[in-house]
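Structure file run_11.cif; described as mmCIF, C-alpha atoms and all ligand atoms.
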```
data_final
loop_
_atom_site.label_atom_id
_atom_site.label_comp_id
_atom_site.auth_asym_id
_atom_site.auth_seq_id
_atom_site.Cartn_x
_atom_site.Cartn_y
_atom_site.Cartn_z
CA MET A 1 -17.14 -13.08 -4.96
CA GLU A 2 -14.18 -12.63 -2.64
CA LYS A 3 -12.36 -9.54 -3.89
CA LEU A 4 -9.07 -7.71 -3.49
CA ILE A 5 -8.32 -4.00 -3.98
CA ILE A 6 -4.70 -3.03 -4.32
CA PHE A 7 -3.39 0.52 -3.90
CA SER A 8 0.15 0.90 -5.10
CA ALA A 9 2.24 4.01 -5.64
CA PRO A 10 5.60 5.50 -4.83
CA SER A 11 6.07 6.40 -1.19
CA GLY A 12 4.52 9.82 -0.48
CA SER A 13 1.84 9.61 -3.20
CA GLY A 14 -0.94 9.39 -0.62
CA LYS A 15 -1.76 5.65 -0.36
CA THR A 16 -2.12 5.72 3.41
CA THR A 17 -4.31 8.83 3.24
CA VAL A 18 -6.59 7.34 0.59
CA VAL A 19 -6.80 3.87 2.16
CA HIS A 20 -7.60 5.29 5.62
CA HIS A 21 -10.37 7.37 4.06
CA LEU A 22 -11.87 4.35 2.31
CA LEU A 23 -11.76 2.25 5.47
CA LYS A 24 -13.47 5.04 7.39
CA GLU A 25 -16.21 5.54 4.80
CA MET A 26 -16.71 1.94 3.72
CA GLY A 27 -15.51 -0.08 6.70
CA ASN A 28 -18.52 -2.39 6.49
CA ASN A 29 -17.38 -3.61 3.10
CA LEU A 30 -13.60 -3.29 3.32
CA GLY A 31 -10.87 -4.65 5.59
CA PHE A 32 -7.20 -3.68 5.59
CA SER A 33 -4.40 -6.15 4.92
CA VAL A 34 -1.99 -5.47 7.77
CA SER A 35 1.49 -6.11 6.37
CA ALA A 36 4.48 -7.33 8.30
CA THR A 37 7.64 -5.21 8.28
CA THR A 38 11.06 -5.04 9.89
CA ARG A 39 10.98 -1.22 9.77
CA LYS A 40 10.79 0.60 13.10
CA LYS A 41 7.38 1.81 14.21
CA ARG A 42 6.62 5.51 13.70
CA PRO A 43 5.14 7.44 16.65
CA ASN A 44 1.68 7.61 15.07
CA GLU A 45 1.53 3.90 14.23
CA THR A 46 -0.06 1.04 16.15
CA GLU A 47 1.14 -2.57 16.20
CA GLY A 48 -1.43 -4.85 14.54
CA ARG A 49 -3.35 -1.96 13.00
CA ASP A 50 -0.79 -0.29 10.70
CA TYR A 51 1.73 -3.12 10.55
CA TYR A 52 2.94 -6.18 12.40
CA PHE A 53 6.39 -4.93 13.41
CA LEU A 54 8.74 -7.92 13.41
CA GLU A 55 12.39 -8.56 14.15
CA GLU A 56 14.20 -9.67 10.99
CA GLU A 57 14.67 -13.18 12.40
CA ASP A 58 10.89 -13.60 12.94
CA PHE A 59 10.20 -12.26 9.48
CA ARG A 60 12.64 -14.71 7.89
CA GLN A 61 11.15 -17.60 9.86
CA LYS A 62 7.67 -16.79 8.50
CA LEU A 63 9.16 -16.51 5.04
CA ALA A 64 10.72 -19.96 5.36
CA ALA A 65 7.37 -21.32 6.59
CA ASN A 66 5.63 -19.95 3.44
CA GLU A 67 3.43 -17.62 5.44
CA PHE A 68 3.77 -14.75 2.94
CA LEU A 69 1.68 -14.18 -0.17
CA GLU A 70 4.42 -11.84 -1.37
CA SER A 71 7.33 -10.13 0.29
CA GLU A 72 10.10 -7.78 -0.66
CA GLU A 73 13.10 -5.88 0.57
CA VAL A 74 11.32 -2.62 -0.28
CA TYR A 75 14.20 -0.48 0.99
CA LYS A 76 17.77 -1.51 1.76
CA GLY A 77 17.69 -3.78 4.81
CA LEU A 78 13.92 -3.34 5.33
CA LEU A 79 11.58 -6.24 4.63
CA TYR A 80 7.85 -5.91 4.00
CA GLY A 81 5.34 -8.63 3.23
CA THR A 82 1.68 -9.59 2.95
CA LEU A 83 0.64 -12.52 5.14
CA VAL A 84 -1.62 -15.19 3.64
CA SER A 85 -3.51 -15.18 6.95
CA GLU A 86 -4.61 -11.55 6.33
CA VAL A 87 -6.53 -12.51 3.20
CA ASP A 88 -8.27 -15.35 5.09
CA ARG A 89 -9.05 -13.07 8.05
CA VAL A 90 -10.67 -10.29 5.99
CA TRP A 91 -12.58 -12.62 3.66
CA ALA A 92 -13.91 -14.52 6.70
CA GLU A 93 -15.49 -11.19 7.77
CA GLY A 94 -17.28 -11.08 4.41
CA LYS A 95 -15.29 -8.01 3.28
CA ALA A 96 -13.07 -7.16 0.34
CA ILE A 97 -9.40 -6.86 1.31
CA VAL A 98 -7.50 -3.62 0.70
CA PHE A 99 -3.72 -3.52 0.24
CA ASP A 100 -1.26 -0.65 0.59
CA VAL A 101 1.84 -2.12 -1.03
CA ASP A 102 4.66 -0.97 -3.25
CA VAL A 103 4.37 -1.20 -7.03
CA GLN A 104 6.10 -4.58 -7.44
CA GLY A 105 4.10 -6.10 -4.57
CA GLY A 106 0.88 -4.78 -6.10
CA LEU A 107 1.64 -6.30 -9.49
CA ASN A 108 2.55 -9.61 -7.85
CA ILE A 109 -0.78 -9.77 -6.02
CA LYS A 110 -2.67 -8.82 -9.21
CA LYS A 111 -0.92 -11.64 -11.05
CA LEU A 112 -1.97 -14.14 -8.37
CA TYR A 113 -5.65 -13.16 -8.34
CA GLY A 114 -6.44 -11.80 -11.82
CA ASP A 115 -10.02 -10.49 -12.17
CA LYS A 116 -10.76 -10.91 -8.47
CA ALA A 117 -8.29 -8.08 -7.88
CA LEU A 118 -8.46 -4.41 -8.83
CA ALA A 119 -5.01 -2.82 -9.04
CA VAL A 120 -5.04 0.96 -8.58
CA PHE A 121 -2.00 3.14 -9.18
CA LEU A 122 -2.04 6.38 -7.25
CA ARG A 123 0.04 9.01 -9.04
CA PRO A 124 1.37 12.24 -7.57
CA PRO A 125 1.00 15.27 -9.87
CA SER A 126 4.80 15.48 -10.25
CA ILE A 127 8.01 14.19 -8.70
CA ASP A 128 8.61 17.65 -7.18
CA VAL A 129 5.27 17.56 -5.39
CA LEU A 130 6.04 14.03 -4.20
CA MET A 131 9.40 15.15 -2.77
CA ASP A 132 7.73 18.08 -1.08
CA ARG A 133 5.08 15.84 0.54
CA LEU A 134 7.67 13.35 1.74
CA ARG A 135 9.75 16.15 3.29
CA LYS A 136 6.70 17.68 4.97
CA ARG A 137 5.61 14.29 6.35
CA ASP A 138 8.96 14.37 8.11
CA THR A 139 9.15 10.64 8.89
CA GLU A 140 12.45 9.87 7.14
CA VAL A 141 16.00 10.90 7.81
CA GLU A 142 17.61 12.55 4.77
CA HIS A 143 19.42 9.49 3.32
CA HIS A 144 16.25 7.40 3.56
CA LEU A 145 14.36 10.21 1.88
CA GLN A 146 16.77 10.08 -1.07
CA GLU A 147 16.30 6.30 -1.35
CA ARG A 148 12.52 6.76 -1.41
CA ILE A 149 12.77 9.43 -4.11
CA ASP A 150 15.04 7.24 -6.27
CA LYS A 151 12.63 4.31 -5.95
CA ALA A 152 9.66 6.57 -6.71
CA THR A 153 11.22 7.69 -9.98
CA HIS A 154 11.60 4.05 -11.02
CA GLU A 155 8.07 3.09 -9.89
CA LEU A 156 6.40 5.88 -11.86
CA GLY A 157 7.22 3.90 -15.01
CA PHE A 158 4.80 1.09 -14.15
CA GLU A 159 1.45 2.84 -14.11
CA LYS A 160 0.27 1.36 -17.40
CA GLU A 161 0.36 -2.13 -15.90
CA PHE A 162 -2.43 -1.20 -13.49
CA ASP A 163 -6.22 -1.45 -13.99
CA LYS A 164 -6.82 2.14 -12.93
CA VAL A 165 -4.74 5.30 -12.39
CA ILE A 166 -5.88 8.00 -9.96
CA ILE A 167 -3.99 11.28 -9.79
CA ASN A 168 -3.65 12.59 -6.27
CA ASP A 169 -3.40 16.33 -6.82
CA HIS A 170 -6.42 17.90 -5.17
CA LEU A 171 -7.05 15.52 -2.27
CA ARG A 172 -10.86 15.72 -2.19
CA THR A 173 -11.06 14.90 -5.90
CA ALA A 174 -8.74 11.91 -5.48
CA LEU A 175 -10.72 10.60 -2.49
CA ASP A 176 -14.01 10.87 -4.39
CA GLU A 177 -12.56 9.10 -7.40
CA ALA A 178 -11.13 6.34 -5.22
CA GLU A 179 -14.53 5.81 -3.56
CA LYS A 180 -16.32 5.72 -6.89
CA THR A 181 -13.78 3.26 -8.34
CA VAL A 182 -14.09 0.91 -5.36
CA ILE A 183 -17.91 1.01 -5.35
CA GLU A 184 -18.04 0.17 -9.07
CA PHE A 185 -15.62 -2.73 -8.60
CA LEU A 186 -17.53 -4.13 -5.62
CA GLU A 187 -20.83 -3.95 -7.51
CA LYS A 188 -19.40 -5.83 -10.50
CA LYS A 189 -20.52 -9.46 -10.67
P1 LIG A 201 2.07 7.08 1.15
O1 LIG A 201 1.24 6.24 2.07
O2 LIG A 201 1.79 6.80 -0.30
O3 LIG A 201 3.53 7.06 1.46
P2 LIG A 201 0.86 9.35 2.58
O4 LIG A 201 -0.60 9.05 2.57
O5 LIG A 201 1.64 9.15 3.85
O6 LIG A 201 1.59 8.61 1.35
O7 LIG A 201 1.02 10.85 2.07
C1 LIG A 201 2.29 11.51 2.11
C2 LIG A 201 2.09 12.93 2.72
O8 LIG A 201 1.39 13.74 1.78
C3 LIG A 201 1.28 12.93 4.01
O9 LIG A 201 1.83 13.87 4.89
C4 LIG A 201 -0.13 13.34 3.53
O10 LIG A 201 -0.85 14.00 4.54
C5 LIG A 201 0.18 14.25 2.35
N1 LIG A 201 -0.83 14.24 1.27
C6 LIG A 201 -1.50 13.17 0.77
N2 LIG A 201 -2.30 13.54 -0.25
C7 LIG A 201 -2.15 14.86 -0.43
C8 LIG A 201 -2.72 15.84 -1.33
N3 LIG A 201 -3.59 15.51 -2.29
N4 LIG A 201 -2.31 17.11 -1.19
C9 LIG A 201 -1.40 17.45 -0.25
N5 LIG A 201 -0.83 16.60 0.64
C10 LIG A 201 -1.20 15.31 0.56
P1 LIG A 202 6.26 2.79 4.68
O1 LIG A 202 7.59 2.44 5.28
O2 LIG A 202 6.20 4.23 4.19
O3 LIG A 202 5.08 2.42 5.55
O4 LIG A 202 6.07 1.89 3.38
C1 LIG A 202 7.06 1.83 2.42
C2 LIG A 202 6.56 1.12 1.20
O5 LIG A 202 6.35 -0.26 1.46
C3 LIG A 202 5.22 1.66 0.68
O6 LIG A 202 5.32 1.79 -0.73
C4 LIG A 202 4.26 0.59 1.07
O7 LIG A 202 3.14 0.55 0.21
C5 LIG A 202 5.13 -0.65 0.90
N1 LIG A 202 4.58 -1.82 1.60
C6 LIG A 202 3.92 -1.87 2.77
N2 LIG A 202 3.56 -3.13 3.05
C7 LIG A 202 3.97 -3.90 2.02
C8 LIG A 202 3.87 -5.28 1.72
O8 LIG A 202 3.31 -6.09 2.45
N3 LIG A 202 4.43 -5.70 0.56
C9 LIG A 202 5.06 -4.85 -0.29
N4 LIG A 202 5.55 -5.35 -1.41
N5 LIG A 202 5.18 -3.55 -0.05
C10 LIG A 202 4.64 -3.07 1.09
#
```

Using structure tokens, write down the structure that the file contains.
Amino acid sequence: MEKLIIFSAPSGSGKTTVVHHLLKEMGNNLGFSVSATTRKKRPNETEGRDYYFLEEEDFRQKLAANEFLESEEVYKGLLYGTLVSEVDRVWAEGKAIVFDVDVQGGLNIKKLYGDKALAVFLRPPSIDVLMDRLRKRDTEVEHHLQERIDKATHELGFEKEFDKVIINDHLRTALDEAEKTVIEFLEKK
């Protein structure tokens, strides 16, 4: 069966860390859904691997042409979206597709695909730890950081709508649990 694995969580919870680990360990079975965004590229990011970095006009054109499975203004003035073509691309390789999307996007994809999709909520041990991790990552200017923290507080209320919750406190434990969860889901008929 063609399958989808969704990782959603507030920014700073560790989605990127966990998803990169899974792709490294299980790359033969998993492929990443590269989202489109109008956010500026960070120094450690690569076009076409981490995101498709688009001008807002291009993004809106694709939106009008129905090229997105889901899309959102995740932060003020910043658009993010999953391209339908990503699902086709990864499934054509015979792999399950893995998403790193915000909580609303994750729930929207789950709604579209039902049992074909596993929706995982990655939870930080506390909001203080989350703030600390975001600050240490040092990718946001202070007012963007505050916006991310406000959104995180709201998103933490949605965990019960997900199939599985993994707490990302001790990283190794969270990575092992994520691997185990994905293997079980892939083995399910
Ligand atoms: P997200 O993709 O959800 O925004 P990241 O994977 O970028 O989150 O993680 C945010 C920051 O926290 C990164 O600097 C990452 O290295 C760090 N981090 C992730 N998991 C842990 C953990 N269990 N303990 C400590 N730091 C972590
Ligand atoms: P960042 O700017 O830190 O890469 O991502 C910000 C937020 O946008 C994260 O919560 C990330 O999961 C989410 N995101 C990334 N791509 C998509 C997408 O295609 N759709 C949605 N809804 N959210 C996304």

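Across A:Val34, A:Val182, A:Ile167, A:Leu4, the tightest approach to Glu86 (chain A) is made by A:Val34 when counting all atoms listed in the file.
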
Practice task
Can you work out the spacing between CA of Thr38 (chain A) and atom N1 of ligand LIG 201 (chain A) in Å, to one decimal?
Solution key: 24.2 Å

Exercise for the section: Rank nothing, just name the residue among A:His154, A:Arg39, A:Arg137, A:Arg89 nearest to ligand LIG 202 (chain A), using all atoms listed in the file. Expected result: A:Arg39

Practice task
Write as a ChimeraX atom specification the residues around ligand LIG 202 (chain A), taking 8 Å as the cut-off and counting all atoms listed in the file.
Solution key: /A:7-12,15,34-37,39,51,70-75,80-83,99-106

Practice task
Set the cut-off to 6 Å, count all atoms listed in the file, and list whatever residues fall near ligand LIG 201 (chain A) as a ChimeraX atom specification.
Solution key: /A:11-17,133-134,137,168-171

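One distance worth recording is that between CA of Asp138 (chain A) and CA of Gly48 (chain A), which is 22.8 Å.
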
Practice task
Name the residues in contact with Lys188 (chain A) at a cut-off of 12 Å, using all atoms listed in the file, excluding same-chain residues fewer than 3 positions from it; report them as a PyMOL selection string.
Solution key: chain A and resi 1-3+115-118+181-185
